[in-house]
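This report concerns only the one structure given below.
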Amino acid sequence: MVQQLRRLVEVVSGERGRGAGAVPLRDSKNARGPVLFVPVAAWAPFIEAVKRHRGGNGLS
């Protein structure tokens, strides 16, 4: 079950439309599906919280 929950969201490289102020995300299993744009101001603290939770080992 844990394996199924991993890597469901990915940053969409090359996605345009919201400018440099947003990070585009999508379901990694549905590349043609909708894209969610998260403001950079919200994305950066989220990534830092994930790093802290994982013991500073990054996101891999």
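The way I read the labels, and the way they are meant: chains A, B, ... in the order of the structure tokens, residue 1 as the first residue of every chain, and ligand 1 as the first ligand shown, with later ones counted on from there.
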
- [ ] Tell me which protein, DNA and RNA residues are within 6 Å of A:Asp27, counting only C-alpha atoms, leaving out same-chain ones fewer than 2 positions away, and put them as a list of chain:residue names.
- [x]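 Those residues are A:Leu8, A:Val9, A:Lys29, A:Asn30.
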
- [ ] May I have the residues within 12 Å of A:Val23 as a PyMOL selection string, using only C-alpha atoms and disregarding those fewer than 3 positions away in the same chain?
- [x] chain A and resi 9-20+26+35-44+46-47
